[in-house]
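Reading through the structure tokens given below for one structure.
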Amino acid sequence: MTDQELHLLLEDMSLQEKIDQLLQLTADFYGKTDRDVVTGPASELGISMEDIDLAGSVLNGTGAKALMQIQDAYMDRHPHHIPLLFMMDVIHGYRTIFPAPIAQGASFDPEISKRAASVAARETSAAGIHVVFSPMVDLVRDPRWGRVMESTGEDPYLNSRFAAAQIHGFQGDDMKEDGKVCGCIKHFAGYGGAEAGREYNTVQVSEHTFREYYLPSYEAGIKAGAGMVMTSFNTVNDIPATINQKLMRQMLREEMGFDGVLISDYAAILETVAHGASSDKKDAAHKALLAGVDIDMMTGCYAGELAKLVKEGTIPESLIDESVLRILQLKNQLGLFEHPHKDADPEKEARYILCPEHRALAREAAAASCVLLKNDKVLPIRPSQKVAFIGPYIDNYEICSSWAVTGHPEDSVTIRQAAKELLPDSDLTFCHGTTLLPRDHVFAGFAEPNRAEEFYADVFADPEKALADAVAAAKAADVVILCLGEHYLQTGEATSRTELSLPENQMELFCAVKTVNPNVAVVLFNGHPLLLDELSRNAAAILQAWLPGTEGGHAILDLLTGTKNPSGKLPMTFPRNMGQIPIYYNHFSTGRPLTGTDPQRFVSKYTDTPNTPLFPFGYGLSYAEFSYSDVSLSSDSLTSEDSITASVQLKNTGACTGTEVVQLYIQDVAASTVRPVRELKGFTRITLTPGETQTVSFRISEAELSFHRADGSYGTEPGAFRVWIGGSSATENGTGFTLR
């Protein structure tokens, strides 16, 4: 349709038609029995059968055949035959599940994340979905927050790179293209800053902090062309984001230039009543529309109240028209008026899902995301060694995350399956030793079953024998691969925790195994930073595998055997203990900083633990070893009209080929607002053969030095800067220059 045709269509729609374009319902409302009587969820929402017939979008329906039938039936009923939008939470893959987003951040490789998003879009669109609620680009500094696993970490620059890459992967150059979908930047804004890391909690940050650290990743996704943005559940400085006019009208639309569709999170408009910011559904609908929210997800606020507000003269109908037009424009950008089914095709769906090409990329991405935290020369394992694979994750195929809602866990490759396939001639033993969680653990509030008895029948039958068998296997082995971690339901939405240690039963297994064999390499499955102090002191090696997805088993064995070399780096700081949280690398120095081994009392420090983390942001080892030359600059001064180049000589001093993520950090030494001790401003992945040396250079211009100044403007200030280049945020390999 042309833009003129869209405006003519809008003019011809009734008020009720327009209001219901702003309503999103779940696919349950479009089943065979839902049209007989409006009871249950419909009456609870306060919507009518007419609202169901006219609702503009559907949430969480899937499958090409089913969605094509829903689309056809809907369009036949609709007065103007306007097509539905089908939307789905596709967070890190549709059926081919890629590593959880936090793991993708660990790859420091936005390009592989872009390719993963493109694969997810291909599978998703063939299944009939038009919009995916991804990527989540919330900055997160507190590992207690359950949704850490959906973010790419604690750094605004890293998050921004991944936000843009994933939007390009989902949408391509034109959403009409075959195999492309609309991406949705979420959650706007500041959702990851929840106080105490508690889900849905208040967010209190200064406007300077908000703009400097939380907003950049959202803006990067918007500048990349995101067609949709989702509001966040939280308040932002005492106003719920979903009705926050300054946030949505000024910051999002005026300042960032977003002209796409703004959708509420699930029931977020109605939740403003619980917040105490709206008096009732009518007030909530009024305030959300004033803020520019276009789609009301799963409440009756808009459907039940907007017509009343128009008739009363409280809001002009033109405000509704603005939102409806944006929705119609998105449907047009996807080509739905000409092709209501778009790419939905049962044959393509079957052909694309879990095809070899998609699985191969999932395996590549999972290997790139794993982080080697420690290695006392026990990895990689050799085919001639006798290896004992022990722990609750050797047969557990639930390695995708609680947000892999369209994935099938049984599609995943387990550790045992991969080990037998990739080490067919080796002497291997497999023992569970213990369960993933204490055997009586109950997931309160979760409908998903705890499959403990399915996975660990031997432990349930005789726990003492299961532990004894594991110890015996460890004692007889040359090396132990101990597979430990969180249950996938311990990370994700509504899983905030105040204790981030491994379960006691798993640590008991570790201690028992370590007692009889010092060569213990721990493989960790988890969705956010854990407390690893005891493991880091006593394990011979630690491989951080995260929640690696469908091809996790293959990818991990590729790394354990040295077929591939670990190259991941931490996208979040790992604390020593809970008392250090929140802890992040780009902090302020304070007026009394702790420097070195300063013995003074009155400095900013703990009396019972170091200020430093257990593992810093950007940290990660390799089987290769790398050396860095001193940093050299093309000039020791910079003006706003030019740039300088910072360079190092990187050498592989090890015995095998490896990839190093070279990282650039900069500090503004003195400015009108306090600046962090250092900030990531560039990174690149460099692969070197043994003995090979390469010059690695970064261009530094005014863009890398700009910040939100004390007067609220954005730009630079002349003065001294420090620059570091190294393998993590803890590097001290640096020099300085002046901005004139």
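We name chains A, B, ... following the order of the structure tokens; residues begin at 1 in each chain, and ligands are numbered from 1 as shown.
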
| message | as a PyMOL selection string, please: the residues near region 179-194 of chain A (cut-off 7 Å, only C-alpha atoms, same-chain neighbours under 2 positions excluded). | response | chain A and resi 121-122+125-126+130-140+167+170-172+175-177+196-203+214+218+221+226-232+234+241+343

Give me, as a Markdown table, each residue of region 466-505 of chain A that comes within 12 Å of region 521-525 of chain A, together with its shortest interatomic pair and the distance in Å at one decimal, counting only C-alpha atoms, with rows ordered by chain and rising residue number.
| residue | atom | partner | partner_atom | distance |
| --- | --- | --- | --- | --- |
| A:Ala474 | CA | A:Ala521 | CA | 11.5 |
| A:Asp478 | CA | A:Ala521 | CA | 11.3 |
| A:Val479 | CA | A:Ala521 | CA | 7.6 |
| A:Val480 | CA | A:Ala521 | CA | 6.1 |
| A:Ile481 | CA | A:Ala521 | CA | 5.0 |
| A:Leu482 | CA | A:Val522 | CA | 4.7 |
| A:Cys483 | CA | A:Val523 | CA | 4.8 |
| A:Leu484 | CA | A:Leu524 | CA | 5.2 |
| A:Gly485 | CA | A:Phe525 | CA | 4.5 |
| A:Glu486 | CA | A:Phe525 | CA | 6.2 |
| A:His487 | CA | A:Phe525 | CA | 8.3 |
| A:Tyr488 | CA | A:Phe525 | CA | 8.6 |
| A:Gln490 | CA | A:Phe525 | CA | 11.2 |
| A:Thr491 | CA | A:Phe525 | CA | 10.9 |
| A:Ser501 | CA | A:Leu524 | CA | 12.0 |
| A:Leu502 | CA | A:Leu524 | CA | 9.8 |

| task | Select from region 316-545 of chain A everything DSSP, run on the backbone, classes as strand (DSSP E or B), then give the selection as a VMD selection string. | result | chain A and resid 371 to 375 386 to 390 427 to 431 479 to 485 520 to 525 541 to 544

Restrict the selected residues to N, CA, C and O atoms and save them as a compact mmCIF listing (two decimals), in the first residue's frame.
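Listed below is the output, selection_25.txt:
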# COMPACT_ATOMS: atom_id res chain seq x y z
N VAL A 371 33.78 -19.29 28.05
CA VAL A 371 34.91 -18.53 28.60
C VAL A 371 35.75 -19.46 29.47
O VAL A 371 35.24 -20.06 30.44
N LEU A 372 37.01 -19.58 29.15
CA LEU A 372 37.94 -20.37 29.97
C LEU A 372 38.42 -19.48 31.11
O LEU A 372 39.18 -18.54 30.91
N LEU A 373 37.98 -19.80 32.34
CA LEU A 373 38.31 -18.97 33.50
C LEU A 373 39.60 -19.41 34.18
O LEU A 373 40.27 -18.60 34.83
N LYS A 374 39.93 -20.68 34.05
CA LYS A 374 41.14 -21.19 34.69
C LYS A 374 41.58 -22.43 33.94
O LYS A 374 40.75 -23.19 33.45
N ASN A 375 42.91 -22.64 33.87
CA ASN A 375 43.41 -23.87 33.25
C ASN A 375 44.83 -24.14 33.71
O ASN A 375 45.77 -23.47 33.30
N LYS A 386 42.20 -41.45 29.98
CA LYS A 386 40.97 -42.03 30.53
C LYS A 386 40.21 -40.87 31.19
O LYS A 386 40.71 -40.24 32.12
N VAL A 387 39.02 -40.61 30.69
CA VAL A 387 38.29 -39.43 31.12
C VAL A 387 36.98 -39.84 31.79
O VAL A 387 36.22 -40.65 31.24
N ALA A 388 36.72 -39.27 32.96
CA ALA A 388 35.47 -39.48 33.67
C ALA A 388 34.61 -38.23 33.53
O ALA A 388 35.02 -37.15 33.98
N PHE A 389 33.47 -38.36 32.90
CA PHE A 389 32.49 -37.28 32.82
C PHE A 389 31.50 -37.48 33.96
O PHE A 389 30.78 -38.48 34.00
N ILE A 390 31.50 -36.53 34.88
CA ILE A 390 30.72 -36.67 36.11
C ILE A 390 29.88 -35.42 36.32
O ILE A 390 30.29 -34.31 35.96
N ASP A 427 38.75 -44.02 26.40
CA ASP A 427 38.24 -44.73 27.58
C ASP A 427 37.43 -43.73 28.41
O ASP A 427 37.99 -42.89 29.11
N LEU A 428 36.11 -43.79 28.28
CA LEU A 428 35.23 -42.82 28.93
C LEU A 428 34.33 -43.49 29.94
O LEU A 428 33.85 -44.61 29.71
N THR A 429 34.09 -42.82 31.06
CA THR A 429 33.07 -43.26 32.01
C THR A 429 32.14 -42.08 32.29
O THR A 429 32.54 -40.91 32.17
N PHE A 430 30.90 -42.41 32.68
CA PHE A 430 29.89 -41.38 32.92
C PHE A 430 29.15 -41.69 34.22
O PHE A 430 28.66 -42.81 34.40
N CYS A 431 29.09 -40.70 35.11
CA CYS A 431 28.38 -40.86 36.38
C CYS A 431 27.71 -39.54 36.74
O CYS A 431 28.30 -38.47 36.57
N VAL A 479 41.72 -37.65 34.00
CA VAL A 479 41.15 -36.32 34.16
C VAL A 479 39.65 -36.45 34.34
O VAL A 479 39.02 -37.34 33.77
N VAL A 480 39.09 -35.55 35.15
CA VAL A 480 37.65 -35.53 35.41
C VAL A 480 37.05 -34.28 34.77
O VAL A 480 37.56 -33.17 34.98
N ILE A 481 36.00 -34.46 34.00
CA ILE A 481 35.21 -33.34 33.50
C ILE A 481 33.94 -33.30 34.35
O ILE A 481 33.07 -34.16 34.21
N LEU A 482 33.86 -32.32 35.23
CA LEU A 482 32.76 -32.23 36.20
C LEU A 482 31.77 -31.17 35.72
O LEU A 482 32.09 -29.98 35.69
N CYS A 483 30.58 -31.62 35.34
CA CYS A 483 29.59 -30.74 34.71
C CYS A 483 28.56 -30.31 35.74
O CYS A 483 27.67 -31.08 36.13
N LEU A 484 28.65 -29.06 36.16
CA LEU A 484 27.83 -28.52 37.24
C LEU A 484 27.08 -27.27 36.77
O LEU A 484 27.31 -26.78 35.67
N GLY A 485 26.19 -26.74 37.63
CA GLY A 485 25.56 -25.47 37.30
C GLY A 485 24.17 -25.30 37.86
O GLY A 485 23.72 -26.04 38.73
N VAL A 520 40.69 -31.97 37.99
CA VAL A 520 39.26 -31.77 37.82
C VAL A 520 39.03 -30.49 37.02
O VAL A 520 39.39 -29.39 37.46
N ALA A 521 38.41 -30.65 35.85
CA ALA A 521 38.01 -29.50 35.03
C ALA A 521 36.50 -29.34 35.16
O ALA A 521 35.75 -30.26 34.83
N VAL A 522 36.07 -28.21 35.67
CA VAL A 522 34.65 -27.95 35.88
C VAL A 522 34.08 -27.24 34.66
O VAL A 522 34.64 -26.24 34.20
N VAL A 523 32.96 -27.76 34.15
CA VAL A 523 32.20 -27.10 33.10
C VAL A 523 30.93 -26.57 33.74
O VAL A 523 30.16 -27.33 34.34
N LEU A 524 30.71 -25.25 33.64
CA LEU A 524 29.60 -24.60 34.34
C LEU A 524 28.49 -24.19 33.38
O LEU A 524 28.74 -23.54 32.36
N PHE A 525 27.26 -24.57 33.73
CA PHE A 525 26.07 -24.19 32.99
C PHE A 525 25.28 -23.21 33.85
O PHE A 525 24.76 -23.59 34.90
N ALA A 541 40.69 -26.56 36.34
CA ALA A 541 40.25 -25.75 35.20
C ALA A 541 38.77 -25.44 35.37
O ALA A 541 38.03 -26.21 36.00
N ILE A 542 38.35 -24.31 34.82
CA ILE A 542 36.93 -23.93 34.82
C ILE A 542 36.58 -23.40 33.43
O ILE A 542 37.20 -22.45 32.95
N LEU A 543 35.59 -24.03 32.81
CA LEU A 543 35.08 -23.55 31.53
C LEU A 543 33.65 -23.06 31.75
O LEU A 543 32.76 -23.83 32.10
N GLN A 544 33.44 -21.76 31.57
CA GLN A 544 32.12 -21.14 31.72
C GLN A 544 31.35 -21.36 30.42
O GLN A 544 31.63 -20.74 29.40

| said: Residues of region 409-621 of chain A classed as alpha helix (DSSP H) by DSSP on the backbone are to be reported as a VMD selection string. | reply: chain A and resid 415 to 422 452 to 455 457 to 461 463 to 476 504 to 516 533 to 538 552 to 560

| query | Near Leu54 (chain A), counting only C-alpha atoms, which residues have an atom at most 12 Å away, once you skip same-chain residues fewer than 3 positions from it, shown as JSON, numbers by chain? | reply | {"A": [13, 14, 15, 16, 17, 18, 19, 20, 21, 22, 23, 24, 25, 29, 30, 47, 48, 49, 50, 51, 57, 58, 71, 73, 74, 75, 76, 77, 78, 79, 80, 81, 82, 83, 84, 85, 303]}

How would the residues just chosen look if you wrote them out with C-alpha atoms as an mmCIF file, in the first residue's frame?
data_model
loop_
_atom_site.group_PDB
_atom_site.id
_atom_site.type_symbol
_atom_site.label_atom_id
_atom_site.label_comp_id
_atom_site.auth_asym_id
_atom_site.auth_seq_id
_atom_site.Cartn_x
_atom_site.Cartn_y
_atom_site.Cartn_z
ATOM 1 C CA MET A 13 -12.271 2.866 9.885
ATOM 2 C CA SER A 14 -14.778 3.192 12.709
ATOM 3 C CA LEU A 15 -13.637 4.287 16.153
ATOM 4 C CA GLN A 16 -14.113 0.749 17.448
ATOM 5 C CA GLU A 17 -12.014 -0.701 14.613
ATOM 6 C CA LYS A 18 -9.244 1.755 15.375
ATOM 7 C CA ILE A 19 -9.262 1.144 19.115
ATOM 8 C CA ASP A 20 -9.100 -2.609 18.641
ATOM 9 C CA GLN A 21 -6.084 -2.289 16.348
ATOM 10 C CA LEU A 22 -4.348 -1.247 19.581
ATOM 11 C CA LEU A 23 -5.382 -4.484 21.359
ATOM 12 C CA GLN A 24 -3.141 -7.545 21.503
ATOM 13 C CA LEU A 25 -4.526 -10.912 22.615
ATOM 14 C CA PHE A 29 -8.647 -16.383 21.923
ATOM 15 C CA TYR A 30 -8.661 -17.677 18.347
ATOM 16 C CA ILE A 47 -13.419 -7.293 26.271
ATOM 17 C CA SER A 48 -16.215 -8.353 23.937
ATOM 18 C CA MET A 49 -16.425 -10.762 21.034
ATOM 19 C CA GLU A 50 -16.256 -7.743 18.746
ATOM 20 C CA ASP A 51 -12.932 -6.778 20.340
ATOM 21 C CA SER A 57 -2.269 -8.447 16.820
ATOM 22 C CA VAL A 58 -1.859 -11.897 18.332
ATOM 23 C CA GLN A 71 -5.224 -15.061 9.561
ATOM 24 C CA ALA A 73 -10.604 -16.447 9.367
ATOM 25 C CA TYR A 74 -9.785 -13.070 10.916
ATOM 26 C CA MET A 75 -9.523 -11.225 7.623
ATOM 27 C CA ASP A 76 -12.805 -12.724 6.421
ATOM 28 C CA ARG A 77 -14.541 -11.254 9.479
ATOM 29 C CA HIS A 78 -12.776 -7.901 9.513
ATOM 30 C CA PRO A 79 -14.754 -5.046 7.882
ATOM 31 C CA HIS A 80 -11.648 -3.769 6.078
ATOM 32 C CA HIS A 81 -9.847 -7.128 5.787
ATOM 33 C CA ILE A 82 -6.834 -5.757 7.645
ATOM 34 C CA PRO A 83 -4.311 -8.535 8.421
ATOM 35 C CA LEU A 84 -3.210 -9.515 11.900
ATOM 36 C CA LEU A 85 0.314 -9.129 13.237
ATOM 37 C CA ALA A 303 -10.484 -1.730 24.345
#

| request: Might you pull out every residue within 9 Å of Ala366 (chain A), with only C-alpha atoms counted and same-chain residues fewer than 2 positions away left off, and present them as a list in words? | output: Phe98, Pro99, Ala103, Gln104, Ser107, Leu361, Ala362, Arg363, Glu364, Ala368, Ser369, Cys370, Ala545, Trp546, Leu547, Pro548, Gly549, Thr550, Glu551, Gly552, His554, Ala555 and Ile556 of chain A

Using N, CA and C atoms, can you export the residues from the last selection as a compact mmCIF listing (two decimals), in the first residue's frame?
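File produced: result11.txt:
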# COMPACT_ATOMS: atom_id res chain seq x y z
N PHE A 98 20.19 -20.83 20.06
CA PHE A 98 21.57 -20.35 20.17
C PHE A 98 21.90 -20.09 21.64
N PRO A 99 23.14 -19.80 21.95
CA PRO A 99 23.48 -19.49 23.35
C PRO A 99 22.62 -18.35 23.88
N ALA A 103 25.56 -15.17 27.04
CA ALA A 103 26.65 -15.95 26.44
C ALA A 103 27.07 -15.36 25.11
N GLN A 104 26.10 -14.90 24.32
CA GLN A 104 26.47 -14.26 23.06
C GLN A 104 27.32 -13.02 23.31
N SER A 107 30.94 -13.73 23.57
CA SER A 107 31.71 -13.97 22.34
C SER A 107 32.44 -12.72 21.87
N LEU A 361 25.75 -23.37 12.76
CA LEU A 361 25.97 -22.03 13.30
C LEU A 361 25.75 -22.01 14.81
N ALA A 362 24.76 -22.75 15.29
CA ALA A 362 24.53 -22.81 16.73
C ALA A 362 25.73 -23.40 17.44
N ARG A 363 26.36 -24.39 16.84
CA ARG A 363 27.56 -25.00 17.41
C ARG A 363 28.73 -24.00 17.41
N GLU A 364 28.89 -23.28 16.31
CA GLU A 364 29.95 -22.28 16.22
C GLU A 364 29.74 -21.18 17.26
N ALA A 368 32.11 -20.15 20.56
CA ALA A 368 32.67 -18.80 20.67
C ALA A 368 32.27 -18.11 21.96
N SER A 369 31.18 -18.56 22.60
CA SER A 369 30.68 -17.88 23.79
C SER A 369 31.25 -18.42 25.10
N CYS A 370 31.83 -19.61 25.07
CA CYS A 370 32.37 -20.19 26.30
C CYS A 370 33.62 -19.44 26.74
N ALA A 545 30.36 -22.28 30.47
CA ALA A 545 29.63 -22.66 29.26
C ALA A 545 28.30 -21.96 29.12
N TRP A 546 27.82 -21.28 30.18
CA TRP A 546 26.54 -20.59 30.17
C TRP A 546 25.39 -21.56 29.90
N LEU A 547 24.35 -21.09 29.25
CA LEU A 547 23.28 -21.95 28.73
C LEU A 547 23.47 -21.95 27.22
N PRO A 548 24.15 -22.97 26.69
CA PRO A 548 24.73 -22.88 25.35
C PRO A 548 23.80 -23.19 24.19
N GLY A 549 22.60 -23.73 24.46
CA GLY A 549 21.66 -23.97 23.38
C GLY A 549 21.72 -25.35 22.78
N THR A 550 21.04 -25.49 21.67
CA THR A 550 20.81 -26.79 21.03
C THR A 550 22.09 -27.58 20.81
N GLU A 551 23.13 -26.92 20.36
CA GLU A 551 24.38 -27.61 20.02
C GLU A 551 25.42 -27.49 21.14
N GLY A 552 24.94 -27.27 22.37
CA GLY A 552 25.86 -27.06 23.48
C GLY A 552 26.83 -28.20 23.72
N HIS A 554 28.01 -30.52 21.66
CA HIS A 554 29.04 -30.56 20.63
C HIS A 554 30.06 -29.45 20.82
N ALA A 555 29.57 -28.23 21.06
CA ALA A 555 30.47 -27.08 21.19
C ALA A 555 31.43 -27.25 22.37
N ILE A 556 30.90 -27.73 23.49
CA ILE A 556 31.74 -27.90 24.68
C ILE A 556 32.80 -28.97 24.44

| message | Give me, as a VMD selection string, all polymer residues having an atom no more than 12 Å from Glu123 (chain A), counting only C-alpha atoms and skipping those fewer than 2 positions away in the same chain. | response | chain A and resid 62 to 64 90 92 to 97 116 to 121 125 to 130 132 170 178 to 181 343 to 355 357 to 358 406 to 407

| field | 9 Å contact set for Phe108 (chain A), only C-alpha atoms, chain neighbours under 6 positions out, as a PyMOL selection string | value | chain A and resi 158+162+368-369+568-571+618+661+683-685

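Of the listed residues A:His286, A:Arg451, A:Arg601, A:His432, the one whose atoms come nearest to Ala473 (chain A) is A:His432, with distances taken using only C-alpha atoms.
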
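Taking only C-alpha atoms, the non-local environment of region 636-648 of chain A within 8 Å (same-chain residues fewer than 3 positions away omitted) comprises Tyr628, Ser629, Asp630, Val631, Ser632, Leu633, Thr695, Val696, Ser697, Phe698, Arg699, Ile700, Ser701, Glu702, Ile725, Gly736, Phe737, Thr738, Leu739 and Arg740 of chain A.
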
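Of the residues under consideration (A:Lys308, A:Lys65, A:Lys281, A:Lys514), A:Lys514 shows the shortest atom-to-atom contact distance to Val471 (chain A) when counting only C-alpha atoms.
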
| request: Using CA of Pro438 (chain A) and CA of Glu504 (chain A) as the two end points, give the distance in Å to one decimal. | output: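 So the answer is 8.1 Å.
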
| query | Which value, in Å to one decimal, gives the distance between CA of Glu150 (chain A) and CA of Asp395 (chain A)? | reply |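 One can read the CA of Glu150 (chain A) to CA of Asp395 (chain A) distance as 24.5 Å.
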